[in-house]
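Participant: One structure is given below, represented as structure tokens, and several questions about it will come after.
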Amino acid sequence: MDLKTIQDHPAFRQLARERACLGVGMSMVMAAAYFAYILTIAFRPRLLGHPLWQGTVISWGVLIGVGLIALGFVLTAAYVRRANSRFDQLGQLLLEDPQ
């Protein structure tokens, strides 16, 4: 198969569209969460500076920061799961089609 044939194939177009939508959507979620955290630190630092409970030195800001890192791992795992199921399925369909 040449490049033009692959690009015109419906399975390739669907694969490219689904990958782009998922990637952009997940990037927007991560960027929104990160910038909300940074803007909160910039404009309302006391909000994240409260301790989790009386007598601890760990603040809500630390907990939410760790949560942001965890969100990155969760989004990555979701993307890998989708890539290993749906995207691989579409890729296999593209390889098997004799066009």
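FYI, nothing fancy with the structure tokens labels: chains A, B, ... in order, residues from 1 per chain, ligands from 1 as they appear.
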Which polymer residues have any atom within 10 Å of an atom of Pro51 of chain A, counting only C-alpha atoms, with same-chain residues fewer than 3 positions away left out, as a list in words?

Facilitator: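 Skipping anything fewer than 3 positions along the chain leaves Leu47, Leu48, Gln54, Gly55, Thr56, Val57, Ile58, Ser59, Trp60, Gly61, Val62 and Leu63 of chain A.
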
Participant: Mind dumping the selected residues with all heavy atoms as a PDB file, in the first residue's frame?

Facilitator:
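Result file follows (again.pdb):
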ATOM      1  N   LEU A  47      -5.758  29.507  50.464  1.00  0.00           N
ATOM      2  CA  LEU A  47      -6.719  28.428  50.248  1.00  0.00           C
ATOM      3  C   LEU A  47      -6.031  27.059  50.255  1.00  0.00           C
ATOM      4  O   LEU A  47      -6.547  26.100  50.833  1.00  0.00           O
ATOM      5  CB  LEU A  47      -7.435  28.646  48.914  1.00  0.00           C
ATOM      6  CG  LEU A  47      -8.618  27.764  48.593  1.00  0.00           C
ATOM      7  CD1 LEU A  47      -9.736  27.997  49.583  1.00  0.00           C
ATOM      8  CD2 LEU A  47      -9.102  28.036  47.188  1.00  0.00           C
ATOM      9  N   LEU A  48      -4.866  26.980  49.637  1.00  0.00           N
ATOM     10  CA  LEU A  48      -4.139  25.715  49.597  1.00  0.00           C
ATOM     11  C   LEU A  48      -3.154  25.566  50.745  1.00  0.00           C
ATOM     12  O   LEU A  48      -2.563  24.502  50.913  1.00  0.00           O
ATOM     13  CB  LEU A  48      -3.383  25.590  48.259  1.00  0.00           C
ATOM     14  CG  LEU A  48      -4.255  25.552  47.014  1.00  0.00           C
ATOM     15  CD1 LEU A  48      -3.385  25.517  45.766  1.00  0.00           C
ATOM     16  CD2 LEU A  48      -5.183  24.359  47.036  1.00  0.00           C
ATOM     17  N   GLN A  54      -5.565  19.480  62.168  1.00  0.00           N
ATOM     18  CA  GLN A  54      -4.868  20.239  63.198  1.00  0.00           C
ATOM     19  C   GLN A  54      -3.569  19.547  63.606  1.00  0.00           C
ATOM     20  O   GLN A  54      -3.550  18.354  63.892  1.00  0.00           O
ATOM     21  CB  GLN A  54      -5.790  20.394  64.426  1.00  0.00           C
ATOM     22  CG  GLN A  54      -5.293  21.381  65.435  1.00  0.00           C
ATOM     23  CD  GLN A  54      -5.294  22.807  64.896  1.00  0.00           C
ATOM     24  OE1 GLN A  54      -6.051  23.160  64.009  1.00  0.00           O
ATOM     25  NE2 GLN A  54      -4.414  23.625  65.434  1.00  0.00           N
ATOM     26  N   GLY A  55      -2.470  20.291  63.600  1.00  0.00           N
ATOM     27  CA  GLY A  55      -1.196  19.775  64.069  1.00  0.00           C
ATOM     28  C   GLY A  55      -0.320  19.151  62.993  1.00  0.00           C
ATOM     29  O   GLY A  55       0.784  18.708  63.284  1.00  0.00           O
ATOM     30  N   THR A  56      -0.772  19.093  61.756  1.00  0.00           N
ATOM     31  CA  THR A  56       0.052  18.525  60.688  1.00  0.00           C
ATOM     32  C   THR A  56       0.713  19.639  59.889  1.00  0.00           C
ATOM     33  O   THR A  56       0.234  20.769  59.870  1.00  0.00           O
ATOM     34  CB  THR A  56      -0.763  17.623  59.748  1.00  0.00           C
ATOM     35  OG1 THR A  56       0.111  17.011  58.811  1.00  0.00           O
ATOM     36  CG2 THR A  56      -1.802  18.403  58.986  1.00  0.00           C
ATOM     37  N   VAL A  57       1.834  19.304  59.248  1.00  0.00           N
ATOM     38  CA  VAL A  57       2.502  20.285  58.401  1.00  0.00           C
ATOM     39  C   VAL A  57       2.147  20.096  56.940  1.00  0.00           C
ATOM     40  O   VAL A  57       2.533  20.899  56.095  1.00  0.00           O
ATOM     41  CB  VAL A  57       4.039  20.219  58.584  1.00  0.00           C
ATOM     42  CG1 VAL A  57       4.426  20.624  59.982  1.00  0.00           C
ATOM     43  CG2 VAL A  57       4.566  18.849  58.239  1.00  0.00           C
ATOM     44  N   ILE A  58       1.404  19.054  56.622  1.00  0.00           N
ATOM     45  CA  ILE A  58       0.991  18.789  55.241  1.00  0.00           C
ATOM     46  C   ILE A  58      -0.242  19.620  54.929  1.00  0.00           C
ATOM     47  O   ILE A  58      -1.242  19.565  55.640  1.00  0.00           O
ATOM     48  CB  ILE A  58       0.702  17.292  55.026  1.00  0.00           C
ATOM     49  CG1 ILE A  58       1.952  16.472  55.334  1.00  0.00           C
ATOM     50  CG2 ILE A  58       0.238  17.036  53.600  1.00  0.00           C
ATOM     51  CD1 ILE A  58       1.725  14.979  55.310  1.00  0.00           C
ATOM     52  N   SER A  59      -0.164  20.384  53.851  1.00  0.00           N
ATOM     53  CA  SER A  59      -1.284  21.261  53.497  1.00  0.00           C
ATOM     54  C   SER A  59      -2.118  20.658  52.362  1.00  0.00           C
ATOM     55  O   SER A  59      -1.712  19.703  51.706  1.00  0.00           O
ATOM     56  CB  SER A  59      -0.737  22.627  53.075  1.00  0.00           C
ATOM     57  OG  SER A  59      -0.041  22.501  51.856  1.00  0.00           O
ATOM     58  N   TRP A  60      -3.251  21.290  52.130  1.00  0.00           N
ATOM     59  CA  TRP A  60      -4.110  20.875  51.017  1.00  0.00           C
ATOM     60  C   TRP A  60      -3.398  21.049  49.684  1.00  0.00           C
ATOM     61  O   TRP A  60      -3.616  20.282  48.753  1.00  0.00           O
ATOM     62  CB  TRP A  60      -5.408  21.680  51.035  1.00  0.00           C
ATOM     63  CG  TRP A  60      -6.361  21.170  52.055  1.00  0.00           C
ATOM     64  CD1 TRP A  60      -6.605  21.702  53.287  1.00  0.00           C
ATOM     65  CD2 TRP A  60      -7.166  20.006  51.944  1.00  0.00           C
ATOM     66  NE1 TRP A  60      -7.522  20.931  53.955  1.00  0.00           N
ATOM     67  CE2 TRP A  60      -7.894  19.886  53.146  1.00  0.00           C
ATOM     68  CE3 TRP A  60      -7.355  19.053  50.964  1.00  0.00           C
ATOM     69  CZ2 TRP A  60      -8.785  18.855  53.372  1.00  0.00           C
ATOM     70  CZ3 TRP A  60      -8.246  18.022  51.185  1.00  0.00           C
ATOM     71  CH2 TRP A  60      -8.952  17.931  52.378  1.00  0.00           C
ATOM     72  N   GLY A  61      -2.527  22.037  49.593  1.00  0.00           N
ATOM     73  CA  GLY A  61      -1.787  22.265  48.358  1.00  0.00           C
ATOM     74  C   GLY A  61      -0.891  21.092  47.993  1.00  0.00           C
ATOM     75  O   GLY A  61      -0.790  20.717  46.820  1.00  0.00           O
ATOM     76  N   VAL A  62      -0.253  20.496  48.988  1.00  0.00           N
ATOM     77  CA  VAL A  62       0.586  19.326  48.739  1.00  0.00           C
ATOM     78  C   VAL A  62      -0.272  18.157  48.273  1.00  0.00           C
ATOM     79  O   VAL A  62       0.065  17.464  47.307  1.00  0.00           O
ATOM     80  CB  VAL A  62       1.397  18.955  50.002  1.00  0.00           C
ATOM     81  CG1 VAL A  62       2.103  17.629  49.828  1.00  0.00           C
ATOM     82  CG2 VAL A  62       2.381  20.054  50.348  1.00  0.00           C
ATOM     83  N   LEU A  63      -1.369  17.945  48.949  1.00  0.00           N
ATOM     84  CA  LEU A  63      -2.262  16.833  48.587  1.00  0.00           C
ATOM     85  C   LEU A  63      -2.803  17.008  47.161  1.00  0.00           C
ATOM     86  O   LEU A  63      -2.815  16.062  46.373  1.00  0.00           O
ATOM     87  CB  LEU A  63      -3.414  16.733  49.578  1.00  0.00           C
ATOM     88  CG  LEU A  63      -4.383  15.584  49.345  1.00  0.00           C
ATOM     89  CD1 LEU A  63      -3.689  14.249  49.588  1.00  0.00           C
ATOM     90  CD2 LEU A  63      -5.591  15.723  50.238  1.00  0.00           C
TER      91      LEU A  63
END

Participant: I'd like the contact shell of Tyr79 of chain A - 10 Å cut-off, only C-alpha atoms, skipping same-chain residues fewer than 6 positions apart - returned as a list in words.

Facilitator: Arg19, Leu22, Gly23, Met26, Phe73, Ser85 and Phe87 of chain A

Participant: Write the selection just made, keeping all heavy atoms, as a PDB file, in the first residue's frame?

Facilitator:
ATOM      1  N   ARG A  19      -7.881   9.197  17.596  1.00  0.00           N
ATOM      2  CA  ARG A  19      -6.655   9.478  18.353  1.00  0.00           C
ATOM      3  C   ARG A  19      -6.537  10.966  18.643  1.00  0.00           C
ATOM      4  O   ARG A  19      -6.157  11.365  19.747  1.00  0.00           O
ATOM      5  CB  ARG A  19      -5.434   9.005  17.573  1.00  0.00           C
ATOM      6  CG  ARG A  19      -5.217   7.523  17.650  1.00  0.00           C
ATOM      7  CD  ARG A  19      -3.977   7.103  16.916  1.00  0.00           C
ATOM      8  NE  ARG A  19      -2.822   7.813  17.435  1.00  0.00           N
ATOM      9  CZ  ARG A  19      -1.634   7.811  16.867  1.00  0.00           C
ATOM     10  NH1 ARG A  19      -1.441   7.158  15.757  1.00  0.00           N
ATOM     11  NH2 ARG A  19      -0.635   8.469  17.411  1.00  0.00           N
ATOM     12  N   LEU A  22      -9.178  12.054  21.348  1.00  0.00           N
ATOM     13  CA  LEU A  22      -8.813  11.579  22.678  1.00  0.00           C
ATOM     14  C   LEU A  22      -7.599  12.339  23.204  1.00  0.00           C
ATOM     15  O   LEU A  22      -7.585  12.778  24.356  1.00  0.00           O
ATOM     16  CB  LEU A  22      -8.527  10.074  22.651  1.00  0.00           C
ATOM     17  CG  LEU A  22      -8.222   9.431  23.999  1.00  0.00           C
ATOM     18  CD1 LEU A  22      -9.403   9.567  24.945  1.00  0.00           C
ATOM     19  CD2 LEU A  22      -7.853   7.970  23.818  1.00  0.00           C
ATOM     20  N   GLY A  23      -6.604  12.525  22.372  1.00  0.00           N
ATOM     21  CA  GLY A  23      -5.402  13.239  22.796  1.00  0.00           C
ATOM     22  C   GLY A  23      -5.677  14.683  23.167  1.00  0.00           C
ATOM     23  O   GLY A  23      -5.200  15.173  24.200  1.00  0.00           O
ATOM     24  N   MET A  26      -7.818  14.789  26.495  1.00  0.00           N
ATOM     25  CA  MET A  26      -7.025  14.504  27.694  1.00  0.00           C
ATOM     26  C   MET A  26      -6.027  15.617  27.979  1.00  0.00           C
ATOM     27  O   MET A  26      -5.785  15.950  29.143  1.00  0.00           O
ATOM     28  CB  MET A  26      -6.308  13.169  27.546  1.00  0.00           C
ATOM     29  CG  MET A  26      -7.226  11.992  27.638  1.00  0.00           C
ATOM     30  SD  MET A  26      -6.298  10.467  27.530  1.00  0.00           S
ATOM     31  CE  MET A  26      -7.499   9.319  28.168  1.00  0.00           C
ATOM     32  N   PHE A  73      -0.913  10.170  35.609  1.00  0.00           N
ATOM     33  CA  PHE A  73      -0.782   8.723  35.465  1.00  0.00           C
ATOM     34  C   PHE A  73      -2.097   8.077  35.044  1.00  0.00           C
ATOM     35  O   PHE A  73      -2.120   7.164  34.217  1.00  0.00           O
ATOM     36  CB  PHE A  73      -0.280   8.086  36.768  1.00  0.00           C
ATOM     37  CG  PHE A  73       1.183   8.259  36.987  1.00  0.00           C
ATOM     38  CD1 PHE A  73       1.650   9.137  37.956  1.00  0.00           C
ATOM     39  CD2 PHE A  73       2.107   7.559  36.234  1.00  0.00           C
ATOM     40  CE1 PHE A  73       3.005   9.303  38.167  1.00  0.00           C
ATOM     41  CE2 PHE A  73       3.469   7.718  36.438  1.00  0.00           C
ATOM     42  CZ  PHE A  73       3.924   8.594  37.408  1.00  0.00           C
ATOM     43  N   SER A  85      -6.691  -1.275  22.756  1.00  0.00           N
ATOM     44  CA  SER A  85      -7.932  -1.944  22.354  1.00  0.00           C
ATOM     45  C   SER A  85      -8.432  -1.367  21.024  1.00  0.00           C
ATOM     46  O   SER A  85      -8.259  -1.971  19.974  1.00  0.00           O
ATOM     47  CB  SER A  85      -8.994  -1.815  23.443  1.00  0.00           C
ATOM     48  OG  SER A  85      -9.274  -0.451  23.702  1.00  0.00           O
ATOM     49  N   PHE A  87      -7.554   1.424  19.123  1.00  0.00           N
ATOM     50  CA  PHE A  87      -6.627   1.887  18.098  1.00  0.00           C
ATOM     51  C   PHE A  87      -5.900   0.726  17.440  1.00  0.00           C
ATOM     52  O   PHE A  87      -5.678   0.735  16.226  1.00  0.00           O
ATOM     53  CB  PHE A  87      -5.630   2.885  18.673  1.00  0.00           C
ATOM     54  CG  PHE A  87      -6.270   4.140  19.233  1.00  0.00           C
ATOM     55  CD1 PHE A  87      -5.604   4.917  20.148  1.00  0.00           C
ATOM     56  CD2 PHE A  87      -7.537   4.537  18.846  1.00  0.00           C
ATOM     57  CE1 PHE A  87      -6.178   6.071  20.663  1.00  0.00           C
ATOM     58  CE2 PHE A  87      -8.128   5.674  19.351  1.00  0.00           C
ATOM     59  CZ  PHE A  87      -7.442   6.445  20.269  1.00  0.00           C
TER      60      PHE A  87
END

Participant: Can you tell me, as a PDB file with N, CA and C atoms, in the first residue's frame, what residues are no more than 8 Å from segment 31-39 of chain A when counting only C-alpha atoms, ignoring any on the same chain fewer than 6 positions away?

Facilitator:
ATOM      1  N   ILE A  64      -3.211  18.208  46.833  1.00  0.00           N
ATOM      2  CA  ILE A  64      -3.735  18.457  45.483  1.00  0.00           C
ATOM      3  C   ILE A  64      -2.624  18.351  44.444  1.00  0.00           C
ATOM      4  N   GLY A  65      -1.410  18.786  44.781  1.00  0.00           N
ATOM      5  CA  GLY A  65      -0.268  18.641  43.875  1.00  0.00           C
ATOM      6  C   GLY A  65       0.026  17.176  43.577  1.00  0.00           C
ATOM      7  N   LEU A  68      -2.535  15.943  41.219  1.00  0.00           N
ATOM      8  CA  LEU A  68      -2.267  16.309  39.820  1.00  0.00           C
ATOM      9  C   LEU A  68      -1.310  15.318  39.167  1.00  0.00           C
TER      10      LEU A  68
END

Participant: Calculate how many Å separate atom CA of Ala16 of chain A from atom CA of Gly91 of chain A, rounding to one decimal.

Facilitator: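 Those two atoms sit 10.1 Å apart.
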
Participant: Name the closest residue to Met30 of chain A among the candidates A:Ala83, A:Leu94, A:Leu71, A:Ala78; distances are taken between atoms, counting only C-alpha atoms.

Facilitator: A:Leu71

Participant: Just the number, please: distance in Å from atom CA of Gly49 of chain A to atom CA of Val29 of chain A, one decimal.

Facilitator: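 Between atom CA of Gly49 of chain A and atom CA of Val29 of chain A the gap is 24.0 Å.
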
Participant: Could you state the separation of atom CA of Arg82 of chain A and atom CA of Cys21 of chain A in Å, given to one decimal place?

Facilitator: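 Distance between the two atoms: 12.1 Å.
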
Participant: Residues of chain A classed as alpha helix (DSSP H) by DSSP on the backbone are to be reported as a VMD selection string.

Facilitator: chain A and resid 3 to 8 10 to 43 45 to 49 60 to 82 88 to 96

Participant: Those selected residues, please, written with C-alpha atoms and delivered as a short mmCIF file (atom, residue, chain, number, x, y, z; two decimals), in the first residue's frame.

Facilitator:
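Output file part_16.cif is given in full below:
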data_model
loop_
_atom_site.label_atom_id
_atom_site.label_comp_id
_atom_site.auth_asym_id
_atom_site.auth_seq_id
_atom_site.Cartn_x
_atom_site.Cartn_y
_atom_site.Cartn_z
CA LEU A 3 0.94 6.50 1.40
CA LYS A 4 -1.96 8.03 -0.54
CA THR A 5 -3.96 4.79 -0.37
CA ILE A 6 -3.45 4.57 3.38
CA GLN A 7 -4.43 8.20 3.94
CA ASP A 8 -7.61 7.76 1.90
CA PRO A 10 -11.73 4.99 5.93
CA ALA A 11 -10.17 2.97 8.78
CA PHE A 12 -7.11 5.25 8.79
CA ARG A 13 -9.25 8.37 8.82
CA GLN A 14 -11.29 7.03 11.72
CA LEU A 15 -8.14 6.02 13.59
CA ALA A 16 -6.58 9.45 13.10
CA ARG A 17 -9.80 11.24 14.14
CA GLU A 18 -10.30 9.14 17.28
CA ARG A 19 -6.66 9.48 18.35
CA ALA A 20 -6.73 13.24 17.85
CA CYS A 21 -9.99 13.69 19.76
CA LEU A 22 -8.81 11.58 22.68
CA GLY A 23 -5.40 13.24 22.80
CA VAL A 24 -6.78 16.76 22.63
CA GLY A 25 -9.46 16.00 25.21
CA MET A 26 -7.02 14.50 27.69
CA SER A 27 -4.54 17.32 27.13
CA MET A 28 -7.24 19.88 27.86
CA VAL A 29 -8.24 18.10 31.08
CA MET A 30 -4.63 17.99 32.30
CA ALA A 31 -3.92 21.59 31.28
CA ALA A 32 -7.09 22.88 32.94
CA ALA A 33 -6.32 21.06 36.19
CA TYR A 34 -2.70 22.23 36.19
CA PHE A 35 -3.48 25.86 35.41
CA ALA A 36 -6.29 25.93 37.98
CA TYR A 37 -3.78 24.74 40.57
CA ILE A 38 -1.16 27.30 39.53
CA LEU A 39 -3.68 30.14 39.42
CA THR A 40 -4.97 29.17 42.85
CA ILE A 41 -1.40 29.30 44.18
CA ALA A 42 -0.91 32.70 42.53
CA PHE A 43 -4.14 34.39 43.58
CA PRO A 45 -2.40 30.90 48.31
CA ARG A 46 -4.10 30.73 51.71
CA LEU A 47 -6.72 28.43 50.25
CA LEU A 48 -4.14 25.72 49.60
CA GLY A 49 -2.03 26.56 52.63
CA TRP A 60 -4.11 20.87 51.02
CA GLY A 61 -1.79 22.26 48.36
CA VAL A 62 0.59 19.33 48.74
CA LEU A 63 -2.26 16.83 48.59
CA ILE A 64 -3.74 18.46 45.48
CA GLY A 65 -0.27 18.64 43.88
CA VAL A 66 0.17 14.90 44.40
CA GLY A 67 -3.34 14.48 42.98
CA LEU A 68 -2.27 16.31 39.82
CA ILE A 69 0.63 13.91 39.38
CA ALA A 70 -1.77 11.00 39.91
CA LEU A 71 -4.15 12.51 37.34
CA GLY A 72 -1.32 12.43 34.80
CA PHE A 73 -0.78 8.72 35.46
CA VAL A 74 -4.52 8.00 35.26
CA LEU A 75 -4.86 9.82 31.94
CA THR A 76 -1.82 8.00 30.58
CA ALA A 77 -3.24 4.64 31.65
CA ALA A 78 -6.60 5.48 30.06
CA TYR A 79 -4.88 6.43 26.80
CA VAL A 80 -2.79 3.24 26.77
CA ARG A 81 -5.88 1.14 27.45
CA ARG A 82 -7.73 2.80 24.60
CA ASP A 88 -4.89 -1.45 17.63
CA GLN A 89 -8.16 -2.87 16.32
CA LEU A 90 -8.42 -0.11 13.70
CA GLY A 91 -4.76 -0.51 12.80
CA GLN A 92 -5.21 -4.25 12.29
CA LEU A 93 -8.26 -3.61 10.14
CA LEU A 94 -6.17 -1.26 8.01
CA LEU A 95 -3.40 -3.85 7.61
CA GLU A 96 -5.80 -6.64 6.66
#
